[in-house]
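Down below is the structure, laid out as structure tokens.
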There are 4 protein chains.
Amino acid sequence: MVGGGPGAFIGGVHRIAARLDDRYELVAGALASDPDRARAGATALGIAPDRAYGSYQEMAARERARPDRIEAVSIVTPNHQHHGPAKLFLESGFHVICDKPLTTNLADALDLAETVRRTGLVFGLTHNYTGYPLVREARALVAGGALGRIRVVQVEFAQEWLTEGLEETGQKQAVWRTDPAQSGPAGCLGDIATHAYQLVRFVTGLGCEAIAADLSTFVPGRRLDDNVNMLLRLSQGAKGMLWACQVAPGNENNLRLRVYGERAGLDWRQEDPNDLWLAPHGGPTRLSRRAGAGVGPSAAHATRIPAGHPEGYLEAFAQLYTDLAERIVAHRERRSPDPASTLVPGVEDGVEGVRFMEAALKSSRRDAEWTSLGTT
Amino acid sequence: MVGGGPGAFIGGVHRIAARLDDRYELVAGALASDPDRARAGATALGIAPDRAYGSYQEMAARERARPDRIEAVSIVTPNHQHHGPAKLFLESGFHVICDKPLTTNLADALDLAETVRRTGLVFGLTHNYTGYPLVREARALVAGGALGRIRVVQVEFAQEWLTEGLEETGQKQAVWRTDPAQSGPAGCLGDIATHAYQLVRFVTGLGCEAIAADLSTFVPGRRLDDNVNMLLRLSQGAKGMLWACQVAPGNENNLRLRVYGERAGLDWRQEDPNDLWLAPHGGPTRLSRRAGAGVGPSAAHATRIPAGHPEGYLEAFAQLYTDLAERIVAHRERRSPDPASTLVPGVEDGVEGVRFMEAALKSSRRDAEWTSLGTT
Amino acid sequence: MVGGGPGAFIGGVHRIAARLDDRYELVAGALASDPDRARAGATALGIAPDRAYGSYQEMAARERARPDRIEAVSIVTPNHQHHGPAKLFLESGFHVICDKPLTTNLADALDLAETVRRTGLVFGLTHNYTGYPLVREARALVAGGALGRIRVVQVEFAQEWLTEGLEETGQKQAVWRTDPAQSGPAGCLGDIATHAYQLVRFVTGLGCEAIAADLSTFVPGRRLDDNVNMLLRLSQGAKGMLWACQVAPGNENNLRLRVYGERAGLDWRQEDPNDLWLAPHGGPTRLSRRAGAGVGPSAAHATRIPAGHPEGYLEAFAQLYTDLAERIVAHRERRSPDPASTLVPGVEDGVEGVRFMEAALKSSRRDAEWTSLGTT
Amino acid sequence: MVGGGPGAFIGGVHRIAARLDDRYELVAGALASDPDRARAGATALGIAPDRAYGSYQEMAARERARPDRIEAVSIVTPNHQHHGPAKLFLESGFHVICDKPLTTNLADALDLAETVRRTGLVFGLTHNYTGYPLVREARALVAGGALGRIRVVQVEFAQEWLTEGLEETGQKQAVWRTDPAQSGPAGCLGDIATHAYQLVRFVTGLGCEAIAADLSTFVPGRRLDDNVNMLLRLSQGAKGMLWACQVAPGNENNLRLRVYGERAGLDWRQEDPNDLWLAPHGGPTRLSRRAGAGVGPSAAHATRIPAGHPEGYLEAFAQLYTDLAERIVAHRERRSPDPASTLVPGVEDGVEGVRFMEAALKSSRRDAEWTSLGTT
């Protein structure tokens with residue numbers, strides 16, 4: 001693991017996620033940018049002293065030289081520190097699991113994509129919400145034609161935690177997520193709007209032709225955006241709206257996706273992740289439950305326990321790790337992985353996310369002018 | 001009553017609304033554009049034959065001449081038939097209760113506004129959702145500072161009933177609401193987006209500086225828009241999004257307003273109108289119930305029965321009639337009306353609604369360019 | 001109308017309910033036990049002075065003698081004053097609409113039932129929750145076999161309004177409803193448990209073989225029960241539980257019925273009356289909405305406006321009046337009423353309700369011993 | 001681990017729960033009653049061959065002799081196989097984590113309690129629902145007086161999975177849970193009603209003076225009860241109802257507890273475990289969220305991630321393991337454990353659960369006669 005020393009939110013999440021299905025063992029780490037803190041943190045987590053590294057460069061070099069070298073590395077540093085270690089570990093022959101957004105600029109993103117292609121290694125980007133069983137069910141429903149041609153997509157991701165200037169209190173999460181030097185030029189946009197956008201792509205399979213974005217910073221003194229209002233023009237004539245906000249009291253982590261097609265609509269909310277609503281036009285709305293009656297194999301693949309025993313965020317996150325474990329083993333065994341394990345977002349999704357951020361920033365600077373993502 | 005013959009949806013609603021609190025008696029009508037159907041319809045509703053008129057012109061002229069003349073008239077015709085009768089009845093000395101939108105173009109709207117000012121008569125526009133007790137509570141909460149300065153507004157009004165080409169089956173509601181000759185140039189925009197916009201204004205008290213609208217028509221052969229995606233720039237720096245849709249399976253009449261300020265957020269849904277959620281930043285979210293503990297006088301004014309006995313659409317609609325009755329009586333008695341009765345939208349709100357429609361049409365034609373409503 | 005002078009809760013509700021569908025006109029009344037208050041109250045409601053009576057006896061006698069006599073009378077007095085006026089008006093040839101519970105003892109109930117049979121007049125008992133469209137849908141689903149043989153019934157009716165000794169403050173509703181002289185020997189049991197029990201019978205069609213009841217009075221000084229815990233043995237081997245409570249903070253008027261059969265379960269809540277949940281075993285749960293897709297004719301009969309425009313308590317109450325109007329007109333016209341109008345509970349349901357109360361009181365006195373209702 | 005070979009539901013859950021917070025390592029097991037299956041299963045889970053035992057007796061004897069012996073054992077066998085291994089491992093000096101119900105008869109339960117007392121070892125009973133953060137919050141609210149004196153308790157645990165004769169298909173879970181030889185004399189009663197009863201005790205702190213139980217078996221051919229209707233008389237004058245059912249279509253694992261006191265009511269549902277509703281009498285209902293604003297330290301102790309990132313069943317289960325780990329370490333270090341870790345139900349709770357089952361069986365045989373649990 002690179003980054004994620006004691007106290008970091010997402011590092012701990014990655015470790016639980018890796019452990020939950022018993023497919024990984026944490027044996028080496030460079031957990032902080034300061035060498036002493038890095039080593040102390042690693043030791044506190046039970047990593048052997050000789051694999052508690054002071055920097056990711058040291059870790060890559062020394063692991064590469066070990067007979068019992070790691071197979072994969074998780075990169076859970078702030079955004080501006082994704083590209084460096086990801087590239088180095090790939091070049092050193094390790095599979096990489098990287099937190100999102102991929103990078104803070106498109107050049108770095110394209111460079112990583114090229115590196116992944118060249119090395120042929122596994123690269124997973126932890127857009128963790130795609131690990132929820134009912135998100136996979138939603139994807140399967142759309143792919144299977146249950147909605148017909150898609151017309152309208154509504155996605156939102158609202159939080160409340162930055163309603164006040166929390167970064168001024170020194171709260172670690174708030175500090176780096178509102179700091180352009182660590183987060184890059186996108187605040188709320190990079191932190192959560194990218195999740196929302198990836199979720200749209202994952203479930204609908206649609207591309208995005210153009211966006212019109214209106215970014216705002218409401219909290220005085222804040223240096224990055226904390227609200228994103230956006231119109232979407234998706235492929236195949238679909239239209240969408242995306243709202244991401246970190247100053248919305250009453251919303252903890254309220255990611256919600258609604259998709260409406262010619263034949264049906266669907267609705268899923270991250271805070272009630274065990275419920276999926278499907279409304280066929282002209283019939284009663286149906287509530288599908290994780291592991292419940294009528295739910296298909298792609299959801300069943302991604303769950304552990306019977307219906308009514310709620311799974312949550314950690315299980316969805318773990319699903320990405322578990323799917324990537326299958327891909328890593330398949331790579332080692334020179335076989336094809338179980339197809340159900342191939343849905344984890346990868347480096348190309350990361351490139352698309354960076355294109356999305358750059359287009360949004362450009363559109364907002366131009367007064368919400370329609371802006372292409374440059375790929376279509 | 002003008003319009004609303006047997007079979008019309010909204011005419012029947014207006015009649016129940018007028019009757020519910022026992023403040024009106026239906027004694028005269030010109031209920032259809034065809035004179036024979038108009039008279040037959042009126043008789044069927046128990047109107048005396050000599051007051052079952054063949055046209056609104058006849059009704060205005062003959063009622064004016066009666067000693068027991070009506071005091072007020074309800075106009076519930078399709079949109080293109082609001083201006084004519086509204087103006088004539090005002091000129092004839094009658095108070096007017098008119099369905100929304102006010103007119104199909106701004107010139108007519110301004111003309112009506114001038115007529116109302118000149119005659120000094122009562123004019124109510126039935127933006128019925130403003131009659132819900134908890135909508136009035138929400139307005140009072142914002143006005144009282146519970147939210148602090150407003151930052152973000154999210155409003156949506158989603159329906160499913162036009163998912164297919166219902167107008168091709170001859171269904172009466174679908175036919176006129178998708179016919180430019182009867183509805184004017186705005187489809188979904190005029191039918192429901194105007195309600196959503198008025199609700200924003202009613203609750204927040206904010207003006208609108210500019211909108212960026214992306215209108216779509218998804219159903220093949222439909223002549224008016226059936227989906228409205230819109231960004232809002234409100235006064236005092238607030239930002240908003242408005243979504244109105246009539247092709248969203250699973251949504252019956254899903255009007256929802258969320259408002260987020262520096263200190264709290266609020267959330268209200270028309271389909272659960274007896275619940276209002278207030279989330280103060282840093283504390284648990286509170287659920288206020290119509291007529292329940294902690295709900296203030298403006299909501300209490302607009303309800304009839306104890307908490308837990310749900311009120312709905314008809315009661316909210318009736319509230320407008322009841323408030324207007326107080327204003328009509330006050331006008332007759334040459335006194336000030338009870339202030340709680342003065343919240344019913346009027347002709348100026350109607351003008352604003354028409355400006356909103358015209359700006360949205362213009363913006364959408366110009367590829368969602370930011371467009372001013374022309375008032376600020 | 002007998003009883004229900006200004007200030008009474010249920011009298012006002014009956015008047016709105018009678019008016020809502022325009023099938024009744026209020027022309028005569030004896031609205032209070034005190035003659036002067038009775039007459040003043042009637043006049044205040046717009047009743048002509050010569051029909052503003054000082055007592056129900058006067059009203060029955062004088063109305064009987066008028067050529068324009070009333071057709072039906074609503075009795076909305078406290079429980080102990082149902083039998084007297086109901087019997088007298090029936091004997092005088094008037095149809096009767098009576099609030100529940102029918103009477104405060106079985107002898108009176110049986111006497112009324114005999115009177116109704118003898119006179120052949122229409123008698124409606126306002127168990128108003130049976131007027132909700134989706135309660136009628138639930139009944140139709142059970143009758144149509146959607147649930148299969150019924151196994152388990154769970155019904156509850158919880159309120160919070162008597163959590164403290166409200167009767168000591170003089171609050172009118174609390175005073176009479178906790179006074180044995182006006183309510184009879186059953187408090188919460190008569191006030192709301194009877195509604196719950198009637199709802200079970202209405203929806204399931206099952207009889208009740210025995211009950212085991214544990215009544216409690218929690219508020220110090222209160223003279224009637226304020227909590228009812230009960231086990232039910234229903235016909236055909238079904239088992240049930242019934243909970244009624246008036247000291248449950250957070251519950252306003254929380255009547256809920258769940259029925260589970262061999263093939264499916266259903267769930268309805270009065271506070272969300274526009275939703276009905278049907279869970280077929282082995283498939284996704286389906287949400288039916290009032291007036292929505294897939295809802296049958298008995299529900300359609302009992303609604304006025306499209307799906308998504310919520311109806312509530314007053315509309316359900318009005319449905320009873322409207323159905324009774326059809327039965328009264330059919331009686332007048334010596335024809336059979338529309339079958340859809342015949343579901344309103346009648347005097348036999350009232351007798352059953354009194355049996356239920358008496359059995360519950362007896363069981364509770366005997367330490368929750370199983371007690372038959374005496375009919376099966 | 002004893003029991004829980006590949007394919008068992010609860011064994012896998014225990015393993016994830018033990019692993020999630022990284023406080024346990026699985027190193028030895030006797031995973032099935034058949035020695036060969038036991039050894040194969042252990043090996044499949046990565047246990048070293050020399051610690052993959054053929055029986056729990058072998059495991060206890062050989063682990064006792066190892067220098068690197070286990071510290072604690074999890075017993076996840078069917079109910080009738082709890083007493084034997086639990087006693088043996090305690091006698092052999094190992095801490096024990098045992099699934100519920102403790103035993104299938106009171107004598108065994110009392111014997112285990114005596115053994116725990118005598119050995120002084122840690123004994124945890126996995127009433128896993130007590131591990132939810134908001135269940136702990138509910139307990140703290142009651143203990144802190146937020147509800148005042150408790151009057152009414154409503155608890156229910158409804159499932160649908162045994163609506164049909166699933167045991168006849170050979171489904172493993174259904175087979176043993178409906179088999180008196182493996183489950184003991186209580187079916188639904190032992191499987192889930194005991195959880196409901198323990199939850200009442202955990203949250204309210206009240207004892208139970210007597211119960212009146214009506215047990216039913218609805219599915220033809222089933223040998224144990226599948227529905228439990230029960231009245232409760234709790235200490236301090238509180239009354240309760242308990243419903244447990246395994247034939248209720250639409251209910252997956254619907255455990256719900258409502259508690260009403262003089263000052264407030266609370267409501268928690270296992271299927272939405274991140275929400276806790278508190279309704280102070282006379283004020284708006286408040287929704288507390290796991291890890292959200294206003295939630296106290298006992299809940300904070302039992303959670304891992306920020307509000308809005310849902311935790312579920314596995315995390316609650318893990319909490320028991322994690323709390324027991326602290327107690328095991330404290331035992332090893334001869335110090336007092338962190339008080340927040342001492343809430344896990346223990347052997348005395350298990351004895352109380354067995355008393356509850358025996359009283360319920362006796363009451364039901366006597367036609368729901370009030371029956372004491374024999375302790376008060």
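Chain labels A, B, ... are given in the sequence in which chains occur in the structure tokens; within each chain residues are numbered consecutively from 1, and ligands are likewise numbered from 1 in the order shown.
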
Long-range neighbours of Arg222 (chain A) as a PyMOL selection string, 9 Å cut-off, only C-alpha atoms, 2 positions minimum in chain: chain A and resi 165+167+178-179+217-220+224-226

Write the residues you've just listed into a file as an mmCIF file, in the first residue's frame, and include C-alpha atoms for each of them.
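Here's the written file part-v5.cif:
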data_model
loop_
_atom_site.group_PDB
_atom_site.id
_atom_site.type_symbol
_atom_site.label_atom_id
_atom_site.label_comp_id
_atom_site.auth_asym_id
_atom_site.auth_seq_id
_atom_site.Cartn_x
_atom_site.Cartn_y
_atom_site.Cartn_z
ATOM 1 C CA GLY A 165 -15.134 26.000 6.305
ATOM 2 C CA GLU A 167 -10.641 23.000 6.187
ATOM 3 C CA THR A 178 -9.947 21.603 -0.771
ATOM 4 C CA ASP A 179 -6.285 22.240 -1.565
ATOM 5 C CA THR A 217 -17.714 27.909 -4.468
ATOM 6 C CA PHE A 218 -20.078 28.901 -1.718
ATOM 7 C CA VAL A 219 -17.944 28.829 1.376
ATOM 8 C CA PRO A 220 -15.913 32.022 1.746
ATOM 9 C CA LEU A 224 -12.012 24.846 -5.037
ATOM 10 C CA ASP A 225 -15.567 24.346 -6.167
ATOM 11 C CA ASP A 226 -18.079 22.948 -3.671
#

Could you tell me which residues of chain D sit within 7 Å of chain C when counting only C-alpha atoms, and give me the result as an mmCIF file with C-alpha atoms, in the first residue's frame?
data_model
loop_
_atom_site.group_PDB
_atom_site.id
_atom_site.type_symbol
_atom_site.label_atom_id
_atom_site.label_comp_id
_atom_site.auth_asym_id
_atom_site.auth_seq_id
_atom_site.Cartn_x
_atom_site.Cartn_y
_atom_site.Cartn_z
ATOM 1 C CA ARG D 151 -44.590 1.910 28.929
ATOM 2 C CA THR D 163 -43.288 -19.630 3.480
ATOM 3 C CA PHE D 218 -48.547 -23.079 9.219
ATOM 4 C CA ASN D 229 -47.459 -14.374 18.661
ATOM 5 C CA MET D 241 -45.849 -7.578 22.151
ATOM 6 C CA ALA D 248 -44.418 -13.594 5.938
ATOM 7 C CA PRO D 249 -43.856 -12.848 2.234
ATOM 8 C CA GLY D 250 -42.268 -9.457 1.723
ATOM 9 C CA TYR D 260 -42.416 4.091 23.945
ATOM 10 C CA GLU D 262 -43.448 8.816 29.016
ATOM 11 C CA ALA D 264 -40.405 9.869 23.785
ATOM 12 C CA GLY D 265 -40.580 6.934 21.449
ATOM 13 C CA ALA D 279 -39.745 11.070 18.673
ATOM 14 C CA PRO D 280 -39.787 13.313 21.733
ATOM 15 C CA HIS D 281 -43.370 13.892 22.790
ATOM 16 C CA THR D 285 -39.342 13.353 15.154
#

Pairwise distance for CA of Asp50 (chain A) and CA of Pro85 (chain A), rounded to one decimal in Å: 19.6 Å

Filtered DSSP result for region 225-291 of chain D, state strand (DSSP E or B), as a count of residues only: 40

Could you give me, as an mmCIF file with N, CA, C and O atoms, in the first residue's frame, the residues within 7 Å of region 306-309 of chain D, counting only C-alpha atoms and dropping anything in the same chain fewer than 3 positions from it?
data_model
loop_
_atom_site.group_PDB
_atom_site.id
_atom_site.type_symbol
_atom_site.label_atom_id
_atom_site.label_comp_id
_atom_site.auth_asym_id
_atom_site.auth_seq_id
_atom_site.Cartn_x
_atom_site.Cartn_y
_atom_site.Cartn_z
ATOM 1 N N GLU A 252 -25.727 13.081 3.612
ATOM 2 C CA GLU A 252 -24.455 12.572 4.112
ATOM 3 C C GLU A 252 -23.587 12.101 2.958
ATOM 4 O O GLU A 252 -22.486 12.602 2.754
ATOM 5 N N ASN A 253 -24.103 11.176 2.185
ATOM 6 C CA ASN A 253 -23.328 10.666 1.054
ATOM 7 C C ASN A 253 -24.330 10.196 0.008
ATOM 8 O O ASN A 253 -24.359 9.055 -0.403
ATOM 9 N N ASN A 254 -25.157 11.149 -0.362
ATOM 10 C CA ASN A 254 -26.370 10.868 -1.092
ATOM 11 C C ASN A 254 -26.149 10.795 -2.600
ATOM 12 O O ASN A 254 -26.489 11.712 -3.341
ATOM 13 N N GLU A 271 -27.383 5.388 -0.232
ATOM 14 C CA GLU A 271 -27.626 5.292 1.210
ATOM 15 C C GLU A 271 -28.630 4.193 1.544
ATOM 16 O O GLU A 271 -28.782 3.836 2.709
ATOM 17 N N TYR A 313 -21.226 -0.118 2.296
ATOM 18 C CA TYR A 313 -20.106 0.506 1.606
ATOM 19 C C TYR A 313 -18.865 -0.379 1.582
ATOM 20 O O TYR A 313 -18.208 -0.519 0.549
ATOM 21 N N ARG D 289 -28.515 9.342 12.284
ATOM 22 C CA ARG D 289 -27.837 8.444 11.362
ATOM 23 C C ARG D 289 -26.564 7.939 12.014
ATOM 24 O O ARG D 289 -25.879 8.688 12.718
ATOM 25 N N ARG D 290 -26.273 6.694 11.731
ATOM 26 C CA ARG D 290 -25.001 6.143 12.187
ATOM 27 C C ARG D 290 -23.858 7.101 11.857
ATOM 28 O O ARG D 290 -23.763 7.539 10.713
ATOM 29 N N ALA D 291 -23.078 7.433 12.842
ATOM 30 C CA ALA D 291 -21.930 8.307 12.666
ATOM 31 C C ALA D 291 -22.310 9.749 12.343
ATOM 32 O O ALA D 291 -21.454 10.566 12.016
ATOM 33 N N GLY D 292 -23.580 10.043 12.425
ATOM 34 C CA GLY D 292 -24.042 11.386 12.105
ATOM 35 C C GLY D 292 -24.055 12.294 13.321
ATOM 36 O O GLY D 292 -23.661 11.916 14.433
#

All residues 7 Å or closer to region 101-112 of chain A, only C-alpha atoms, same chain fewer than 2 positions away omitted, as an NGL selection string: :A and (79-80 or 82-83 or 87 or 99 or 114-116 or 184 or 190 or 350-351 or 353-355)

Store the residues picked out above in a file with C-alpha atoms, as a compact mmCIF listing (two decimals), in the first residue's frame.
# COMPACT_ATOMS: atom_id res chain seq x y z
CA ASN A 79 -4.93 12.87 -6.09
CA HIS A 80 -1.73 14.63 -7.12
CA HIS A 82 -1.43 8.97 -8.05
CA HIS A 83 0.51 9.21 -11.26
CA LYS A 87 3.59 4.48 -13.12
CA ASP A 99 -7.95 5.43 -5.87
CA GLU A 114 -0.27 3.89 -22.19
CA THR A 115 1.79 2.32 -19.42
CA VAL A 116 -0.97 -0.12 -18.54
CA GLY A 184 -5.77 19.36 -8.47
CA GLY A 190 -13.06 15.60 -8.69
CA GLY A 350 -9.86 6.96 -15.33
CA VAL A 351 -8.89 8.78 -18.51
CA GLY A 353 -12.97 10.82 -15.70
CA VAL A 354 -10.10 13.24 -16.21
CA ARG A 355 -11.55 14.31 -19.56

d(CA of Ala244 (chain B), CA of His195 (chain B)) in Å: 9.6 Å

Pro49 (chain B) surroundings by only C-alpha atoms, 9 Å radius, close-in-sequence under 4 positions cut, as a PyMOL selection string: chain B and resi 28+39-40+42-43+53

Could you please take those selected residues and save N, CA and C atoms as a PDB file, in the first residue's frame?
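Done, and the output landed in part_24.pdb:
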ATOM      1  N   ALA B  28     -73.485  29.490 -12.019  1.00  0.00           N
ATOM      2  CA  ALA B  28     -73.526  29.857 -13.439  1.00  0.00           C
ATOM      3  C   ALA B  28     -72.311  29.279 -14.136  1.00  0.00           C
ATOM      4  N   ARG B  39     -74.146  24.264 -22.454  1.00  0.00           N
ATOM      5  CA  ARG B  39     -75.401  24.335 -21.687  1.00  0.00           C
ATOM      6  C   ARG B  39     -75.741  22.991 -21.074  1.00  0.00           C
ATOM      7  N   ALA B  40     -75.545  21.931 -21.857  1.00  0.00           N
ATOM      8  CA  ALA B  40     -75.858  20.595 -21.338  1.00  0.00           C
ATOM      9  C   ALA B  40     -74.980  20.255 -20.138  1.00  0.00           C
ATOM     10  N   ALA B  42     -73.562  22.297 -18.051  1.00  0.00           N
ATOM     11  CA  ALA B  42     -73.938  23.096 -16.886  1.00  0.00           C
ATOM     12  C   ALA B  42     -75.166  22.508 -16.218  1.00  0.00           C
ATOM     13  N   THR B  43     -76.135  22.150 -17.012  1.00  0.00           N
ATOM     14  CA  THR B  43     -77.359  21.576 -16.456  1.00  0.00           C
ATOM     15  C   THR B  43     -77.049  20.278 -15.720  1.00  0.00           C
ATOM     16  N   TYR B  53     -74.839  29.003 -19.679  1.00  0.00           N
ATOM     17  CA  TYR B  53     -74.608  29.846 -20.842  1.00  0.00           C
ATOM     18  C   TYR B  53     -73.895  29.095 -21.963  1.00  0.00           C
TER      19      TYR B  53
END

Residues of region 105-228 of chain D in alpha helix (DSSP H), written as a PyMOL selection string: chain D and resi 106-119+133-143+172-177+180-183+188+194-204

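Reported to one decimal place, the separation of CA of Thr194 (chain A) from CA of Ala140 (chain A) is 21.6 Å.
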
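Take the candidates B:Pro6, B:Gly374, B:Pro297, B:Gly148 and check each one against Glu352 (chain B) using only C-alpha atoms; the shortest distance goes to B:Gly374.
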